[in-house]
>>> print(open('query28.cif').read())   # mmCIF, C-alpha atoms
data_data
#
loop_
_atom_site.label_atom_id
_atom_site.label_comp_id
_atom_site.auth_asym_id
_atom_site.auth_seq_id
_atom_site.Cartn_x
_atom_site.Cartn_y
_atom_site.Cartn_z
CA MET A 273 18.83 -12.14 201.02
CA LYS A 274 22.47 -11.15 201.43
CA LYS A 275 23.71 -8.85 204.17
CA PRO A 276 25.30 -5.61 203.01
CA ALA A 277 29.12 -5.74 202.89
CA GLY A 278 29.41 -3.03 205.55
CA ARG A 279 27.36 -5.05 208.02
CA LYS A 280 29.51 -8.17 207.46
CA LYS A 281 32.61 -6.12 208.11
CA LYS A 282 31.18 -4.69 211.36
CA ASN A 283 30.21 -8.19 212.56
CA ALA A 284 33.70 -9.51 211.74
CA ILE A 285 35.34 -6.63 213.59
CA SER A 286 33.06 -7.17 216.60
CA ALA A 287 33.92 -10.87 216.65
CA ILE A 288 37.66 -10.13 216.47
CA ILE A 289 37.41 -7.61 219.31
CA ALA A 290 35.47 -10.13 221.45
CA VAL A 291 38.12 -12.80 220.86
CA VAL A 292 40.94 -10.36 221.73
CA VAL A 293 39.18 -9.33 224.95
CA ILE A 294 38.57 -12.95 225.98
CA VAL A 295 42.20 -13.87 225.27
CA ALA A 296 43.48 -10.83 227.20
CA VAL A 297 41.29 -11.55 230.25
CA SER A 298 42.26 -15.23 230.21
CA ALA A 299 45.97 -14.42 229.88
CA THR A 300 45.74 -11.95 232.78
CA ALA A 301 44.00 -14.53 234.98
CA ILE A 302 46.57 -17.19 234.14
CA TYR A 303 49.45 -14.78 234.75
CA TYR A 304 48.00 -13.69 238.09
CA TYR A 305 47.39 -17.27 239.18
CA ASN A 306 50.94 -18.24 238.25
CA GLN A 307 52.35 -15.23 240.13
CA TYR A 308 50.13 -15.07 243.20
CA GLY A 309 47.78 -18.06 243.10
CA THR A 310 50.07 -20.22 245.22
CA THR A 311 51.43 -19.64 248.65
CA GLY A 312 54.31 -21.64 250.04
CA GLY A 313 54.19 -24.12 247.18
CA GLY A 314 50.52 -25.06 247.74
CA THR A 315 47.59 -24.45 245.48
CA ALA A 316 45.16 -21.58 245.83
CA ARG A 317 42.17 -22.34 248.06
CA TRP A 318 39.55 -19.65 247.79
CA VAL A 319 38.07 -18.42 251.06
CA THR A 320 34.58 -17.02 250.54
CA SER A 321 31.78 -15.18 252.28
CA GLY A 322 28.79 -14.49 250.06
CA PRO A 323 30.02 -12.60 246.99
CA PHE A 324 33.45 -11.88 248.56
CA ALA A 325 36.44 -14.20 248.05
CA ILE A 326 40.19 -14.15 248.68
CA THR A 327 42.65 -16.57 247.09
CA ASN A 328 44.07 -18.20 250.24
CA SER A 329 43.83 -18.43 253.99
CA THR A 330 47.61 -18.06 254.44
CA TYR A 331 49.99 -15.49 252.99
CA ARG A 332 53.68 -14.65 253.41
CA LEU A 333 55.29 -11.31 254.14
CA GLY A 334 55.35 -9.45 250.84
CA ASP A 335 52.35 -11.24 249.31
CA ASN A 336 49.52 -9.31 247.71
CA ILE A 337 46.04 -10.28 248.83
CA PHE A 338 43.69 -10.55 245.87
CA MET A 339 39.96 -10.23 246.48
CA VAL A 340 37.26 -10.95 243.92
CA VAL A 341 33.74 -9.65 244.47
CA THR A 342 31.07 -11.10 242.19
CA GLY A 343 27.32 -10.83 242.30
CA LEU A 344 26.73 -8.08 244.85
CA LYS A 345 23.00 -7.53 245.22
CA PRO A 346 21.58 -4.00 244.96
CA THR A 347 20.93 -4.21 248.72
CA ASP A 348 24.61 -5.00 249.44
CA VAL A 349 25.84 -1.60 250.53
CA GLY A 350 28.51 -1.11 253.15
CA THR A 351 32.19 -0.97 253.93
CA MET A 352 34.79 -3.68 253.88
CA LEU A 353 36.98 -3.22 256.98
CA ILE A 354 40.37 -4.95 256.98
CA TYR A 355 41.68 -5.51 260.51
CA ASP A 356 45.38 -6.14 261.18
CA PRO A 357 46.66 -8.56 263.85
CA LYS A 358 46.76 -5.74 266.43
CA GLY A 359 43.03 -5.08 265.94
CA GLY A 360 43.44 -1.78 264.08
CA VAL A 361 41.65 -0.94 260.85
CA PHE A 362 44.32 -1.37 258.19
CA SER A 363 42.02 -0.31 255.34
CA HIS A 364 38.40 0.36 254.54
CA VAL A 365 36.76 -0.08 251.15
CA PRO A 366 33.20 1.05 250.45
CA PHE A 367 31.01 -1.10 248.21
CA ASN A 368 27.56 -0.59 246.71
CA GLY A 369 25.82 -3.35 244.76
CA THR A 370 23.55 -0.80 243.10
CA MET A 371 26.56 0.94 241.57
CA LYS A 372 28.79 -2.07 240.85
CA SER A 373 27.98 -5.75 241.33
CA ASP A 374 31.49 -7.06 240.54
CA PHE A 375 34.97 -5.74 241.26
CA ASN A 376 38.47 -6.84 242.20
CA TYR A 377 40.53 -5.42 245.02
CA PHE A 378 44.23 -5.88 245.77
CA PHE A 379 46.04 -4.95 248.94
CA LYS A 380 49.34 -5.77 250.57
CA PRO A 381 50.02 -5.78 254.30
CA VAL A 382 52.74 -3.17 254.76
CA THR A 383 54.32 -1.30 257.65
CA LEU A 384 52.40 1.87 258.55
CA ARG A 385 53.21 4.40 261.25
CA SER A 386 49.55 5.46 261.48
CA GLU A 387 48.48 1.92 262.42
CA LYS A 388 51.51 1.25 264.67
CA LEU A 389 52.62 -1.53 262.33
CA CYS A 390 56.26 -0.61 262.78
CA THR A 391 58.05 -3.76 261.65
CA ALA A 392 57.28 -6.65 259.34
CA GLN A 393 56.78 -8.80 262.46
CA ASP A 394 53.78 -6.61 263.36
CA LEU A 395 52.12 -7.86 260.17
CA VAL A 396 52.46 -11.53 261.16
CA GLY A 397 49.29 -13.00 262.63
CA ASN A 398 45.56 -13.27 262.06
CA TRP A 399 43.82 -10.71 259.86
CA THR A 400 40.06 -10.25 259.48
CA ILE A 401 37.91 -8.71 256.76
CA VAL A 402 34.49 -7.57 258.01
CA PHE A 403 31.64 -6.56 255.68
CA GLN A 404 30.01 -3.78 257.67
CA GLY A 405 26.41 -3.09 256.66
CA THR A 406 25.72 -6.69 255.57
CA SER A 407 25.07 -10.05 257.19
CA TYR A 408 28.03 -11.73 255.44
CA LYS A 409 30.41 -13.53 257.77
CA PRO A 410 33.94 -12.13 258.15
CA LEU A 411 36.83 -13.61 256.17
CA HIS A 412 39.93 -14.62 258.07
CA PHE A 413 43.46 -15.07 256.80
CA GLN A 414 46.88 -15.37 258.33
CA VAL A 415 50.21 -13.75 257.45
CA VAL A 416 53.01 -16.13 258.39
CA ASN A 417 56.63 -15.33 259.24
CA GLU A 418 57.97 -16.32 255.82
CA TRP A 419 59.15 -13.92 253.14
CA VAL A 420 58.28 -13.76 249.46
CA ALA A 421 61.56 -13.80 247.49
CA GLY A 422 62.93 -10.26 247.30
CA ALA A 423 60.32 -8.76 249.64
CA GLN A 424 62.85 -8.04 252.41
CA ALA A 425 64.47 -5.42 250.20
CA GLY A 426 61.16 -3.65 249.51
CA GLU A 427 60.44 -0.23 250.98
CA ASP A 428 56.90 -1.15 252.06
CA LEU A 429 58.10 -3.71 254.63
CA LYS A 430 61.05 -1.82 256.11
CA PRO A 431 60.83 -0.84 259.78
CA VAL A 432 59.20 2.50 260.45
CA PRO A 433 61.64 4.80 262.31
CA PRO A 434 60.74 5.97 265.84
CA PRO A 435 58.50 7.23 267.18
CA CYS A 436 56.18 4.53 266.05
#
>>> encode(input="query28.cif", output="structure tokens")
Amino acid sequence: MKKPAGRKKKNAISAIIAVVVIVAVSATAIYYYNQYGTTGGGTARWVTSGPFAITNSTYRLGDNIFMVVTGLKPTDVGTMLIYDPKGGVFSHVPFNGTMKSDFNYFFKPVTLRSEKLCTAQDLVGNWTIVFQGTSYKPLHFQVVNEWVAGAQAGEDLKPVPPPC
């Protein structure tokens, strides 16, 4: 028995859309890896804790930190706290495995008056990501005193004027 022509057309369109989506996701991943997947000429080495992962353990001033979260359980509910080298909470990100089991999160260490991160040098050091509300171990990474090309001219790393 032959399928109706309309059904064949819908299946063909669905297949084309699936291929386009797969190609777009793959191209985005390859582009991101080529842009941010290496630090200081090395290859990316994922640092993981349960479903949470960051691309490297070392970053330069001006780097974006890319986090991938995959496979959160429905019981994984809490807040991701990102601590700067001075021990202050740089950022907090709520997560809820019941609502969303997978997500990506980007952030960039920048100067902030509110956190007394007044100069780019205040960003250099050991950072920690804690998963409050879970038993997952913290992730640790380091920002080193090296600049990403062009980052020194960026507004987000300029010194914060006094009083800071």
>>> resolve_selection(input="query28.cif", expression="the PyMOL selection byres ((chain A and resi 400) around 10)", output="NGL selection string")
:A and (353-357 or 359 or 361-362 or 398-399 or 401-403 or 410-414)
>>> resolve_selection(input="query28.cif", expression="the PyMOL selection byres ((chain A and resi 379-390) around 6)", output="PDB file with C-alpha atoms, keeping the file's coordinate frame")
ATOM      1  CA  ASN A 336      49.520  -9.310 247.710  1.00  0.00           C
ATOM      2  CA  ILE A 337      46.040 -10.280 248.830  1.00  0.00           C
ATOM      3  CA  PHE A 378      44.230  -5.880 245.770  1.00  0.00           C
ATOM      4  CA  THR A 391      58.050  -3.760 261.650  1.00  0.00           C
ATOM      5  CA  ASP A 394      53.780  -6.610 263.360  1.00  0.00           C
ATOM      6  CA  ASP A 428      56.900  -1.150 252.060  1.00  0.00           C
ATOM      7  CA  LEU A 429      58.100  -3.710 254.630  1.00  0.00           C
ATOM      8  CA  PRO A 431      60.830  -0.840 259.780  1.00  0.00           C
ATOM      9  CA  VAL A 432      59.200   2.500 260.450  1.00  0.00           C
ATOM     10  CA  CYS A 436      56.180   4.530 266.050  1.00  0.00           C
TER      11      CYS A 436
END
>>> residues_near_point(input="query28.cif", point="(32.9, -9.1, 246.6)", cutoff="10 Å", atoms="only C-alpha atoms", output="PDB file with C-alpha atoms, keeping the file's coordinate frame")
ATOM      1  CA  THR A 320      34.580 -17.020 250.540  1.00  0.00           C
ATOM      2  CA  SER A 321      31.780 -15.180 252.280  1.00  0.00           C
ATOM      3  CA  GLY A 322      28.790 -14.490 250.060  1.00  0.00           C
ATOM      4  CA  PRO A 323      30.020 -12.600 246.990  1.00  0.00           C
ATOM      5  CA  PHE A 324      33.450 -11.880 248.560  1.00  0.00           C
ATOM      6  CA  ALA A 325      36.440 -14.200 248.050  1.00  0.00           C
ATOM      7  CA  ILE A 326      40.190 -14.150 248.680  1.00  0.00           C
ATOM      8  CA  MET A 339      39.960 -10.230 246.480  1.00  0.00           C
ATOM      9  CA  VAL A 340      37.260 -10.950 243.920  1.00  0.00           C
ATOM     10  CA  VAL A 341      33.740  -9.650 244.470  1.00  0.00           C
ATOM     11  CA  THR A 342      31.070 -11.100 242.190  1.00  0.00           C
ATOM     12  CA  GLY A 343      27.320 -10.830 242.300  1.00  0.00           C
ATOM     13  CA  LEU A 344      26.730  -8.080 244.850  1.00  0.00           C
ATOM     14  CA  ASP A 348      24.610  -5.000 249.440  1.00  0.00           C
ATOM     15  CA  MET A 352      34.790  -3.680 253.880  1.00  0.00           C
ATOM     16  CA  PHE A 367      31.010  -1.100 248.210  1.00  0.00           C
ATOM     17  CA  GLY A 369      25.820  -3.350 244.760  1.00  0.00           C
ATOM     18  CA  LYS A 372      28.790  -2.070 240.850  1.00  0.00           C
ATOM     19  CA  SER A 373      27.980  -5.750 241.330  1.00  0.00           C
ATOM     20  CA  ASP A 374      31.490  -7.060 240.540  1.00  0.00           C
ATOM     21  CA  PHE A 375      34.970  -5.740 241.260  1.00  0.00           C
ATOM     22  CA  ASN A 376      38.470  -6.840 242.200  1.00  0.00           C
ATOM     23  CA  TYR A 377      40.530  -5.420 245.020  1.00  0.00           C
ATOM     24  CA  PHE A 403      31.640  -6.560 255.680  1.00  0.00           C
TER      25      PHE A 403
END
>>> atom_distance(input="query28.cif", atom1="atom CA of A:Gly426", atom2="atom CA of A:Gly397")
20.0 Å
>>> atom_distance(input="query28.cif", atom1="atom CA of A:Thr327", atom2="atom CA of A:Tyr408")
17.5 Å
>>> atom_distance(input="query28.cif", atom1="atom CA of A:Asp335", atom2="atom CA of A:Gly350")
26.2 Å
>>> build_atoms(input="query28.cif", residues="stretch 383-410 of chain A", atoms="N, CA and C atoms", output="PDB file, in the coordinates of the input")
ATOM      1  N   THR A 383      54.097  -2.045 256.418  1.00  0.00           N
ATOM      2  CA  THR A 383      54.320  -1.300 257.650  1.00  0.00           C
ATOM      3  C   THR A 383      53.723   0.108 257.501  1.00  0.00           C
ATOM      4  N   LEU A 384      53.048   0.560 258.549  1.00  0.00           N
ATOM      5  CA  LEU A 384      52.400   1.870 258.550  1.00  0.00           C
ATOM      6  C   LEU A 384      52.525   2.508 259.934  1.00  0.00           C
ATOM      7  N   ARG A 385      53.094   3.683 259.982  1.00  0.00           N
ATOM      8  CA  ARG A 385      53.210   4.400 261.250  1.00  0.00           C
ATOM      9  C   ARG A 385      51.828   4.684 261.831  1.00  0.00           C
ATOM     10  N   SER A 386      50.883   5.073 260.991  1.00  0.00           N
ATOM     11  CA  SER A 386      49.550   5.460 261.480  1.00  0.00           C
ATOM     12  C   SER A 386      48.828   4.303 262.166  1.00  0.00           C
ATOM     13  N   GLU A 387      49.137   3.080 261.807  1.00  0.00           N
ATOM     14  CA  GLU A 387      48.480   1.920 262.420  1.00  0.00           C
ATOM     15  C   GLU A 387      49.384   1.226 263.434  1.00  0.00           C
ATOM     16  N   LYS A 388      50.532   1.820 263.731  1.00  0.00           N
ATOM     17  CA  LYS A 388      51.510   1.250 264.670  1.00  0.00           C
ATOM     18  C   LYS A 388      51.957  -0.147 264.230  1.00  0.00           C
ATOM     19  N   LEU A 389      52.041  -0.314 262.911  1.00  0.00           N
ATOM     20  CA  LEU A 389      52.620  -1.530 262.330  1.00  0.00           C
ATOM     21  C   LEU A 389      54.045  -1.141 261.939  1.00  0.00           C
ATOM     22  N   CYS A 390      54.935  -1.211 262.918  1.00  0.00           N
ATOM     23  CA  CYS A 390      56.260  -0.610 262.780  1.00  0.00           C
ATOM     24  C   CYS A 390      57.283  -1.514 262.120  1.00  0.00           C
ATOM     25  N   THR A 391      57.112  -2.813 262.249  1.00  0.00           N
ATOM     26  CA  THR A 391      58.050  -3.760 261.650  1.00  0.00           C
ATOM     27  C   THR A 391      57.258  -4.830 260.908  1.00  0.00           C
ATOM     28  N   ALA A 392      57.941  -5.566 260.067  1.00  0.00           N
ATOM     29  CA  ALA A 392      57.280  -6.650 259.340  1.00  0.00           C
ATOM     30  C   ALA A 392      56.684  -7.664 260.317  1.00  0.00           C
ATOM     31  N   GLN A 393      57.307  -7.839 261.471  1.00  0.00           N
ATOM     32  CA  GLN A 393      56.780  -8.800 262.460  1.00  0.00           C
ATOM     33  C   GLN A 393      55.406  -8.375 262.977  1.00  0.00           C
ATOM     34  N   ASP A 394      55.105  -7.076 262.941  1.00  0.00           N
ATOM     35  CA  ASP A 394      53.780  -6.610 263.360  1.00  0.00           C
ATOM     36  C   ASP A 394      52.684  -7.037 262.384  1.00  0.00           C
ATOM     37  N   LEU A 395      53.079  -7.436 261.177  1.00  0.00           N
ATOM     38  CA  LEU A 395      52.120  -7.860 260.170  1.00  0.00           C
ATOM     39  C   LEU A 395      51.785  -9.347 260.291  1.00  0.00           C
ATOM     40  N   VAL A 396      52.639 -10.087 261.009  1.00  0.00           N
ATOM     41  CA  VAL A 396      52.460 -11.530 261.160  1.00  0.00           C
ATOM     42  C   VAL A 396      51.323 -11.785 262.147  1.00  0.00           C
ATOM     43  N   GLY A 397      50.404 -12.653 261.749  1.00  0.00           N
ATOM     44  CA  GLY A 397      49.290 -13.000 262.630  1.00  0.00           C
ATOM     45  C   GLY A 397      47.991 -13.113 261.872  1.00  0.00           C
ATOM     46  N   ASN A 398      46.907 -13.083 262.621  1.00  0.00           N
ATOM     47  CA  ASN A 398      45.560 -13.270 262.060  1.00  0.00           C
ATOM     48  C   ASN A 398      44.955 -11.939 261.647  1.00  0.00           C
ATOM     49  N   TRP A 399      44.483 -11.873 260.428  1.00  0.00           N
ATOM     50  CA  TRP A 399      43.820 -10.710 259.860  1.00  0.00           C
ATOM     51  C   TRP A 399      42.349 -11.061 259.653  1.00  0.00           C
ATOM     52  N   THR A 400      41.495 -10.038 259.663  1.00  0.00           N
ATOM     53  CA  THR A 400      40.060 -10.250 259.480  1.00  0.00           C
ATOM     54  C   THR A 400      39.502  -9.204 258.533  1.00  0.00           C
ATOM     55  N   ILE A 401      38.616  -9.642 257.652  1.00  0.00           N
ATOM     56  CA  ILE A 401      37.910  -8.710 256.760  1.00  0.00           C
ATOM     57  C   ILE A 401      36.431  -8.789 257.140  1.00  0.00           C
ATOM     58  N   VAL A 402      35.882  -7.660 257.578  1.00  0.00           N
ATOM     59  CA  VAL A 402      34.490  -7.570 258.010  1.00  0.00           C
ATOM     60  C   VAL A 402      33.713  -6.770 256.960  1.00  0.00           C
ATOM     61  N   PHE A 403      32.485  -7.199 256.677  1.00  0.00           N
ATOM     62  CA  PHE A 403      31.640  -6.560 255.680  1.00  0.00           C
ATOM     63  C   PHE A 403      30.541  -5.781 256.390  1.00  0.00           C
ATOM     64  N   GLN A 404      30.908  -4.623 256.888  1.00  0.00           N
ATOM     65  CA  GLN A 404      30.010  -3.780 257.670  1.00  0.00           C
ATOM     66  C   GLN A 404      28.825  -3.348 256.815  1.00  0.00           C
ATOM     67  N   GLY A 405      27.621  -3.462 257.375  1.00  0.00           N
ATOM     68  CA  GLY A 405      26.410  -3.090 256.660  1.00  0.00           C
ATOM     69  C   GLY A 405      25.727  -4.283 256.003  1.00  0.00           C
ATOM     70  N   THR A 406      26.311  -5.482 256.149  1.00  0.00           N
ATOM     71  CA  THR A 406      25.720  -6.690 255.570  1.00  0.00           C
ATOM     72  C   THR A 406      25.694  -7.794 256.628  1.00  0.00           C
ATOM     73  N   SER A 407      25.088  -8.903 256.272  1.00  0.00           N
ATOM     74  CA  SER A 407      25.070 -10.050 257.190  1.00  0.00           C
ATOM     75  C   SER A 407      26.113 -11.098 256.791  1.00  0.00           C
ATOM     76  N   TYR A 408      27.002 -10.771 255.841  1.00  0.00           N
ATOM     77  CA  TYR A 408      28.030 -11.730 255.440  1.00  0.00           C
ATOM     78  C   TYR A 408      29.029 -11.946 256.568  1.00  0.00           C
ATOM     79  N   LYS A 409      29.450 -13.189 256.727  1.00  0.00           N
ATOM     80  CA  LYS A 409      30.410 -13.530 257.770  1.00  0.00           C
ATOM     81  C   LYS A 409      31.780 -12.966 257.414  1.00  0.00           C
ATOM     82  N   PRO A 410      32.589 -12.630 258.415  1.00  0.00           N
ATOM     83  CA  PRO A 410      33.940 -12.130 258.150  1.00  0.00           C
ATOM     84  C   PRO A 410      34.815 -13.192 257.478  1.00  0.00           C
TER      85      PRO A 410
END
